[in-house]
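Just below is one structure, and these are the notes that go with it.
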Amino acid sequence: MKIAILTGAGVSAESGLGTFRDKDGLWTRYDLNEVATPEGFARNPALVHDFYNARRANCADATPNAAHMALAELATGPHEVTLITQNVDDLHTRAGSPDVIHMHGRLMRALCAACDARWDAPLVMSPNDHCPSCGATATRPDIVWFGEVPYDMDAISAAVATCDLFVAIGTSAEVYPAAGLVELAGRQTLEINLAPSARANAFDDHRFGPASEVVPAWVAELR
Ligand code: BV8
């Protein structure tokens with residue numbers, strides 16, 4: 001069976017990384033316009049680097065949870081799995097998932113706004129860093145901010161449109177185009193979340209509960 005999976009912050013919540021829109025979520029403590037838009041970065045690059053430096057440190061200290069491990073195990077079985085994540089943490093990769101599609105970019109990668117070079121980000125980035133390729137002081141986190149085009153949309157759309165089962169895990173379905181992917185799914189759709197998302201009605205089936213419990217149980221049924 002071809003399975004396309006979209007994960008959001010809820011899959012990393014039990015690894016201690018927090019979410020965006022839950023109680024005490026990131027977007028309740030930071031103005032996303034200040035720290036997650038190109039305009040915010042242009043206005044105050046030091047603030048944006050500080051925001052991502054703190055998240056990069058949290059991510060380095062975090063460990064994959066049972067949901068990440070179960071999704072990695074699913075990829076080693078008989079099913080053809082495409083794992084798409086909105087998350088910028090590296091927990092799916094550290095859990096062993098191959099070929100993770102990071103549609104919103106990656107916290108552990110850096111990008112040069114001048115020459116488009118990408119490299120492994122140092123733990124702490126600053127506006128004074130020089131690009132290792134062109135030398136410009138134009139380095140930024142390799143993250144897709146609001147108003148920017150998500151990565152790999154053609155591959156993502158093709159995988160979702162041709163899969164037998166589309167599963168969204170741990171996402172509030174508030175951010176597009178990720179939240180609109182369920183409309184592309186050709187066959188069965190399943191939402192696994194702590195609570196019904198904004199697009200819950202668009203899914204055929206639902207399983208509610210903590211990802212670290214519900215995802216391993218769901219994967220076990222597919223063996
Ligand atoms: C685009 C990187 C065009 C940053 C992120 C006006 C101007 C410009 C654009 C727009 C506009 N109005 C609307 C838009 C579109 C905009 C958008 O959707 N805005 C929203 C706010 C309305 N989108 C964009 O700008 C995108 N680009 O549109 O370009 C385009 C379009 C199509 C094709 C080509 C071009 C770019 C969006 C990407 C922005 N960057 N991330 C960073 O991470 O620092 S998005 C940000 O939200 C995070 O990355 C996060 O991953 C993502 C989605 O949030 P969730 O993952 O769902 O997290 P959330 O906290 O919301 O929900 C957590 C869920 O988990 C909850 O449901 C909770 O119940 C559940 N949960 C909690 N604990 C658990 C759990 N579930 C299970 N177990 C648990 N233990």
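Scheme for the structure tokens: letters A, B, ... for chains in order shown; per-chain residue numbers from 1; ligand numbers from 1 in order shown.
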### Query
What lies within 9 Å of A:Asp120 using only C-alpha atoms, ignoring chain neighbours under 6 positions off, as a count of residues only?
4
### Message
As a quick test: using only C-alpha atoms and all ligand atoms, which residues lie no more than 6 Å away from ligand 1? Give them as number ranges by chain.
### Response
A: 8-11, 13-14, 19-22, 36, 86-88, 104, 143-150, 170-177, 193-195, 197, 210-211
Selected residues written out, C-alpha atoms, as a compact mmCIF listing (two decimals), in the first residue's frame:
# COMPACT_ATOMS: atom_id res chain seq x y z
CA GLY A 8 3.11 18.60 12.39
CA ALA A 9 4.37 19.88 15.72
CA GLY A 10 2.12 17.45 17.64
CA VAL A 11 4.36 14.53 16.69
CA ALA A 13 5.31 17.58 21.41
CA GLU A 14 6.11 14.57 23.64
CA THR A 19 3.84 23.20 19.55
CA PHE A 20 2.83 26.49 17.99
CA ARG A 21 -0.84 27.01 18.71
CA ASP A 22 -1.54 25.02 21.85
CA ALA A 36 8.92 33.77 10.99
CA GLN A 86 5.93 20.64 8.49
CA ASN A 87 8.37 20.38 11.37
CA VAL A 88 11.82 21.90 11.15
CA HIS A 104 9.08 24.07 5.85
CA ILE A 143 13.47 27.66 7.09
CA VAL A 144 10.39 28.45 4.94
CA TRP A 145 8.82 31.52 6.55
CA PHE A 146 5.25 32.76 6.10
CA GLY A 147 4.86 34.24 2.63
CA GLU A 148 7.65 32.00 1.24
CA VAL A 149 7.10 29.01 -1.03
CA PRO A 150 7.30 25.62 0.75
CA GLY A 170 -0.17 16.08 15.02
CA THR A 171 -1.16 19.13 13.00
CA SER A 172 -3.80 21.79 13.65
CA ALA A 173 -4.30 22.15 9.87
CA GLU A 174 -4.11 25.94 10.19
CA VAL A 175 -1.20 26.50 7.78
CA TYR A 176 -1.47 26.27 4.00
CA PRO A 177 -0.61 24.69 1.62
CA ASN A 193 -4.27 14.09 16.54
CA LEU A 194 -4.79 15.04 20.17
CA ALA A 195 -8.02 16.81 19.19
CA SER A 197 -8.00 19.76 13.68
CA PRO A 210 -1.18 11.33 22.20
CA ALA A 211 0.93 10.51 19.14
Spatial neighbours of stretch 133-135 of chain A, 8 Å, only C-alpha atoms, chain gap at least 3 places, as a compact mmCIF listing (two decimals) with N, CA and C atoms, in the first residue's frame:
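Generated output (out.txt):
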# COMPACT_ATOMS: atom_id res chain seq x y z
N ALA A 114 22.26 35.41 -0.25
CA ALA A 114 22.89 36.07 -1.40
C ALA A 114 23.16 35.08 -2.53
N CYS A 115 23.66 33.85 -2.16
CA CYS A 115 24.06 32.94 -3.27
C CYS A 115 23.32 31.62 -3.23
N ALA A 117 23.53 29.17 -1.27
CA ALA A 117 24.26 28.00 -0.75
C ALA A 117 23.59 27.49 0.52
N HIS A 130 29.61 34.77 8.04
CA HIS A 130 29.86 34.87 6.60
C HIS A 130 29.47 33.57 5.91
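Straight-line separation from atom CA of A:Arg106 to atom CA of A:Asp142: 5.8 Å.
Nearest to A:Met69 of all the residues A:Gly105, A:Phe166, A:His92, A:Ile84 is A:His92, based on only C-alpha atoms.
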### Task
With a distance cut-off of 12 Å and only C-alpha atoms, select the neighbouring residues of A:Asp61, excluding the residue or stretch itself and same-chain residues fewer than 2 positions from it, and output the selection as an MDAnalysis selection string.
chainID A and resid 15:17 54:59 63:64 89:91 123
Okay, now the selection with all heavy atoms, as a CSV table (one decimal), in the first residue's frame?
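Once written, part12.csv looks like this:
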chain,number,residue,atom,x,y,z
A,15,SER,N,8.3,15.0,22.7
A,15,SER,CA,9.8,15.0,22.8
A,15,SER,C,10.2,16.3,23.5
A,15,SER,O,11.4,16.6,23.6
A,15,SER,CB,10.4,14.9,21.4
A,15,SER,OG,10.2,13.6,20.9
A,16,GLY,N,9.2,17.1,23.9
A,16,GLY,CA,9.5,18.3,24.7
A,16,GLY,C,9.7,19.6,23.8
A,16,GLY,O,10.1,20.6,24.3
A,17,LEU,N,9.4,19.4,22.5
A,17,LEU,CA,9.7,20.6,21.7
A,17,LEU,C,8.5,21.6,21.6
A,17,LEU,O,8.6,22.6,21.0
A,17,LEU,CB,10.0,20.1,20.2
A,17,LEU,CG,11.4,19.5,20.1
A,17,LEU,CD1,11.8,19.3,18.6
A,17,LEU,CD2,12.5,20.4,20.8
A,54,ALA,N,17.7,29.4,19.9
A,54,ALA,CA,17.0,28.8,21.1
A,54,ALA,C,16.4,27.5,20.7
A,54,ALA,O,16.5,26.4,21.4
A,54,ALA,CB,16.1,29.7,21.7
A,55,ARG,N,15.7,27.5,19.6
A,55,ARG,CA,14.9,26.2,19.1
A,55,ARG,C,15.9,25.2,18.7
A,55,ARG,O,15.7,24.0,18.9
A,55,ARG,CB,14.0,26.6,18.0
A,55,ARG,CG,12.8,27.4,18.5
A,55,ARG,CD,11.9,27.8,17.4
A,55,ARG,NE,11.3,26.7,16.8
A,55,ARG,CZ,10.6,26.8,15.6
A,55,ARG,NH1,10.5,28.0,15.0
A,55,ARG,NH2,10.1,25.7,15.1
A,56,ARG,N,17.1,25.6,18.1
A,56,ARG,CA,18.1,24.7,17.6
A,56,ARG,C,18.7,24.0,18.9
A,56,ARG,O,18.9,22.7,18.9
A,56,ARG,CB,19.2,25.4,16.8
A,56,ARG,CG,20.0,24.5,15.9
A,56,ARG,CD,20.9,25.3,15.0
A,56,ARG,NE,20.1,26.1,14.0
A,56,ARG,CZ,20.1,27.4,14.0
A,56,ARG,NH1,20.8,28.2,14.9
A,56,ARG,NH2,19.4,28.1,13.1
A,57,ALA,N,18.9,24.7,19.9
A,57,ALA,CA,19.5,24.1,21.2
A,57,ALA,C,18.5,23.1,21.8
A,57,ALA,O,18.8,22.0,22.2
A,57,ALA,CB,19.8,25.2,22.2
A,58,ASN,N,17.2,23.5,21.8
A,58,ASN,CA,16.2,22.6,22.4
A,58,ASN,C,16.1,21.3,21.5
A,58,ASN,O,16.0,20.2,22.1
A,58,ASN,CB,14.8,23.3,22.3
A,58,ASN,CG,14.6,24.4,23.3
A,58,ASN,OD1,15.4,24.4,24.3
A,58,ASN,ND2,13.6,25.2,23.1
A,59,CYS,N,16.2,21.5,20.2
A,59,CYS,CA,16.1,20.4,19.3
A,59,CYS,C,17.3,19.4,19.5
A,59,CYS,O,17.1,18.2,19.6
A,59,CYS,CB,16.1,20.9,17.9
A,59,CYS,SG,15.9,19.6,16.6
A,63,THR,N,14.9,14.1,22.2
A,63,THR,CA,15.1,12.8,21.6
A,63,THR,C,13.8,12.4,20.9
A,63,THR,O,12.7,12.8,21.4
A,63,THR,CB,15.5,11.8,22.6
A,63,THR,OG1,14.6,11.9,23.7
A,63,THR,CG2,16.9,12.0,23.1
A,64,PRO,N,13.9,11.6,19.8
A,64,PRO,CA,12.7,11.1,19.1
A,64,PRO,C,11.8,10.4,20.1
A,64,PRO,O,12.3,9.7,21.0
A,64,PRO,CB,13.2,10.2,18.1
A,64,PRO,CG,14.7,10.6,17.8
A,64,PRO,CD,15.1,11.1,19.2
A,89,ASP,N,12.3,20.4,13.0
A,89,ASP,CA,13.3,19.6,13.8
A,89,ASP,C,13.7,18.4,13.1
A,89,ASP,O,13.2,18.1,12.0
A,89,ASP,CB,12.6,19.2,15.2
A,89,ASP,CG,11.4,18.3,15.0
A,89,ASP,OD1,11.6,17.2,14.4
A,89,ASP,OD2,10.3,18.6,15.4
A,90,ASP,N,14.8,17.7,13.6
A,90,ASP,CA,15.4,16.6,12.9
A,90,ASP,C,15.0,15.3,13.5
A,90,ASP,O,15.7,14.3,13.3
A,90,ASP,CB,16.9,16.8,12.8
A,90,ASP,CG,17.6,16.8,14.1
A,90,ASP,OD1,16.8,16.9,15.2
A,90,ASP,OD2,18.8,16.8,14.2
A,91,LEU,N,14.0,15.2,14.3
A,91,LEU,CA,13.6,14.0,15.1
A,91,LEU,C,13.2,12.8,14.2
A,91,LEU,O,13.5,11.7,14.5
A,91,LEU,CB,12.6,14.3,16.1
A,91,LEU,CG,13.0,15.3,17.2
A,91,LEU,CD1,11.9,15.5,18.3
A,91,LEU,CD2,14.3,14.9,17.9
A,123,LEU,N,25.4,25.6,15.8
A,123,LEU,CA,24.3,25.6,16.8
A,123,LEU,C,23.9,27.1,17.0
A,123,LEU,O,22.7,27.3,17.2
A,123,LEU,CB,24.9,25.0,18.1
A,123,LEU,CG,23.8,24.4,19.1
A,123,LEU,CD1,23.0,23.4,18.4
A,123,LEU,CD2,24.5,23.8,20.3
### Query
Of the candidates A:Val100, A:Ala200, A:Ala70, A:Ala60, which one gets nearest to A:Ala121 if we count only C-alpha atoms?
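Closest to A:Ala121, using only C-alpha atoms: A:Ala60.
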### In stretch 42-163 of chain A, DSSP helix (DSSP H, G or I) residues written as a PyMOL selection string
chain A and resi 42-43+45-61+66-74+91-95+153-162
Write a file of the selected residues as a short mmCIF file (atom, residue, chain, number, x, y, z; two decimals), in the first residue's frame, keeping N, CA and C atoms.
data_model
loop_
_atom_site.label_atom_id
_atom_site.label_comp_id
_atom_site.auth_asym_id
_atom_site.auth_seq_id
_atom_site.Cartn_x
_atom_site.Cartn_y
_atom_site.Cartn_z
N ALA A 42 14.33 40.85 7.92
CA ALA A 42 14.98 42.06 7.39
C ALA A 42 15.01 43.16 8.45
N ARG A 43 13.92 43.23 9.24
CA ARG A 43 13.83 44.28 10.27
C ARG A 43 14.81 44.02 11.40
N PRO A 45 17.39 40.91 12.16
CA PRO A 45 17.99 39.58 11.97
C PRO A 45 18.52 38.99 13.28
N ALA A 46 18.98 39.82 14.20
CA ALA A 46 19.52 39.30 15.47
C ALA A 46 18.41 38.63 16.27
N LEU A 47 17.21 39.25 16.30
CA LEU A 47 16.07 38.68 17.04
C LEU A 47 15.70 37.31 16.43
N VAL A 48 15.66 37.26 15.10
CA VAL A 48 15.27 36.01 14.43
C VAL A 48 16.31 34.93 14.66
N HIS A 49 17.60 35.30 14.57
CA HIS A 49 18.64 34.29 14.85
C HIS A 49 18.53 33.81 16.30
N ASP A 50 18.26 34.72 17.23
CA ASP A 50 18.13 34.30 18.64
C ASP A 50 16.98 33.31 18.80
N PHE A 51 15.86 33.59 18.12
CA PHE A 51 14.67 32.71 18.18
C PHE A 51 15.02 31.32 17.68
N TYR A 52 15.72 31.24 16.56
CA TYR A 52 16.06 29.92 16.01
C TYR A 52 17.24 29.27 16.73
N ASN A 53 18.15 30.09 17.27
CA ASN A 53 19.25 29.51 18.07
C ASN A 53 18.68 28.78 19.29
N ALA A 54 17.66 29.39 19.92
CA ALA A 54 17.05 28.76 21.11
C ALA A 54 16.35 27.46 20.71
N ARG A 55 15.65 27.46 19.56
CA ARG A 55 14.94 26.25 19.12
C ARG A 55 15.94 25.17 18.68
N ARG A 56 17.08 25.62 18.07
CA ARG A 56 18.08 24.65 17.62
C ARG A 56 18.69 23.95 18.85
N ALA A 57 18.92 24.73 19.93
CA ALA A 57 19.48 24.13 21.16
C ALA A 57 18.48 23.14 21.77
N ASN A 58 17.19 23.53 21.82
CA ASN A 58 16.16 22.62 22.35
C ASN A 58 16.11 21.33 21.53
N CYS A 59 16.21 21.51 20.20
CA CYS A 59 16.11 20.36 19.30
C CYS A 59 17.30 19.41 19.53
N ALA A 60 18.49 19.99 19.69
CA ALA A 60 19.69 19.16 19.91
C ALA A 60 19.56 18.36 21.21
N ASP A 61 18.87 18.94 22.20
CA ASP A 61 18.70 18.26 23.50
C ASP A 61 17.54 17.26 23.49
N ALA A 66 8.17 7.72 20.75
CA ALA A 66 7.69 6.46 20.18
C ALA A 66 6.96 6.66 18.85
N ALA A 67 6.40 7.86 18.66
CA ALA A 67 5.71 8.11 17.38
C ALA A 67 6.74 8.20 16.24
N HIS A 68 7.85 8.93 16.48
CA HIS A 68 8.91 9.03 15.46
C HIS A 68 9.46 7.63 15.17
N MET A 69 9.68 6.85 16.21
CA MET A 69 10.28 5.52 16.04
C MET A 69 9.35 4.61 15.25
N ALA A 70 8.05 4.70 15.55
CA ALA A 70 7.09 3.84 14.85
C ALA A 70 7.01 4.20 13.37
N LEU A 71 7.07 5.50 13.06
CA LEU A 71 7.01 5.92 11.64
C LEU A 71 8.28 5.48 10.91
N ALA A 72 9.41 5.48 11.61
CA ALA A 72 10.65 4.99 10.99
C ALA A 72 10.54 3.49 10.71
N GLU A 73 9.95 2.76 11.65
CA GLU A 73 9.80 1.31 11.48
C GLU A 73 8.85 1.00 10.33
N LEU A 74 7.79 1.84 10.19
CA LEU A 74 6.81 1.63 9.10
C LEU A 74 7.52 1.66 7.75
N LEU A 91 13.95 15.23 14.29
CA LEU A 91 13.64 14.02 15.06
C LEU A 91 13.21 12.84 14.18
N HIS A 92 12.53 13.08 13.06
CA HIS A 92 12.19 11.95 12.18
C HIS A 92 13.47 11.31 11.64
N THR A 93 14.41 12.13 11.21
CA THR A 93 15.68 11.60 10.66
C THR A 93 16.46 10.87 11.74
N ARG A 94 16.51 11.46 12.94
CA ARG A 94 17.26 10.82 14.04
C ARG A 94 16.58 9.52 14.50
N ALA A 95 15.26 9.40 14.22
CA ALA A 95 14.56 8.15 14.57
C ALA A 95 14.83 7.07 13.53
N MET A 153 7.05 21.05 -3.32
CA MET A 153 5.59 20.96 -3.46
C MET A 153 5.18 20.01 -4.60
N ASP A 154 5.96 19.93 -5.68
CA ASP A 154 5.58 19.02 -6.78
C ASP A 154 5.64 17.56 -6.32
N ALA A 155 6.73 17.22 -5.64
CA ALA A 155 6.89 15.84 -5.15
C ALA A 155 5.82 15.53 -4.10
N ILE A 156 5.56 16.50 -3.24
CA ILE A 156 4.55 16.29 -2.19
C ILE A 156 3.17 16.09 -2.81
N SER A 157 2.81 16.95 -3.73
CA SER A 157 1.47 16.84 -4.36
C SER A 157 1.33 15.51 -5.10
N ALA A 158 2.40 15.09 -5.80
CA ALA A 158 2.33 13.82 -6.54
C ALA A 158 2.16 12.65 -5.58
N ALA A 159 2.89 12.66 -4.48
CA ALA A 159 2.81 11.55 -3.50
C ALA A 159 1.42 11.48 -2.87
N VAL A 160 0.85 12.64 -2.54
CA VAL A 160 -0.47 12.64 -1.88
C VAL A 160 -1.56 12.25 -2.88
N ALA A 161 -1.43 12.72 -4.11
CA ALA A 161 -2.48 12.45 -5.12
C ALA A 161 -2.50 10.97 -5.52
N THR A 162 -1.37 10.28 -5.41
CA THR A 162 -1.30 8.89 -5.90
C THR A 162 -1.29 7.85 -4.76
#
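Of the residues listed (A:Gly25, A:Tyr151, A:Glu221, A:Ala4), A:Ala4 shows the shortest atom-to-atom separation from A:Ala185; distances use only C-alpha atoms.
Proximity of A:Pro98, A:Gly209, A:Gly186, A:Pro132 to A:Val81, computed with only C-alpha atoms, is greatest for A:Pro98.
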### Between atom CA of A:Ile169 and atom CA of A:Thr7 - distance in Å to one decimal
4.7 Å
### Query
How many Å separate atom CA of A:Val215 from atom CA of A:Gly180?
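Atom CA of A:Gly180 lies 21.9 Å from atom CA of A:Val215.
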### Task
Can you list, as an MDAnalysis selection string, all residues belonging to chain A that DSSP tags as strand (DSSP E)?
chainID A and resid 2:7 80:85 101:102 105:112 118:120 139:143 165:169 188:193 205:208
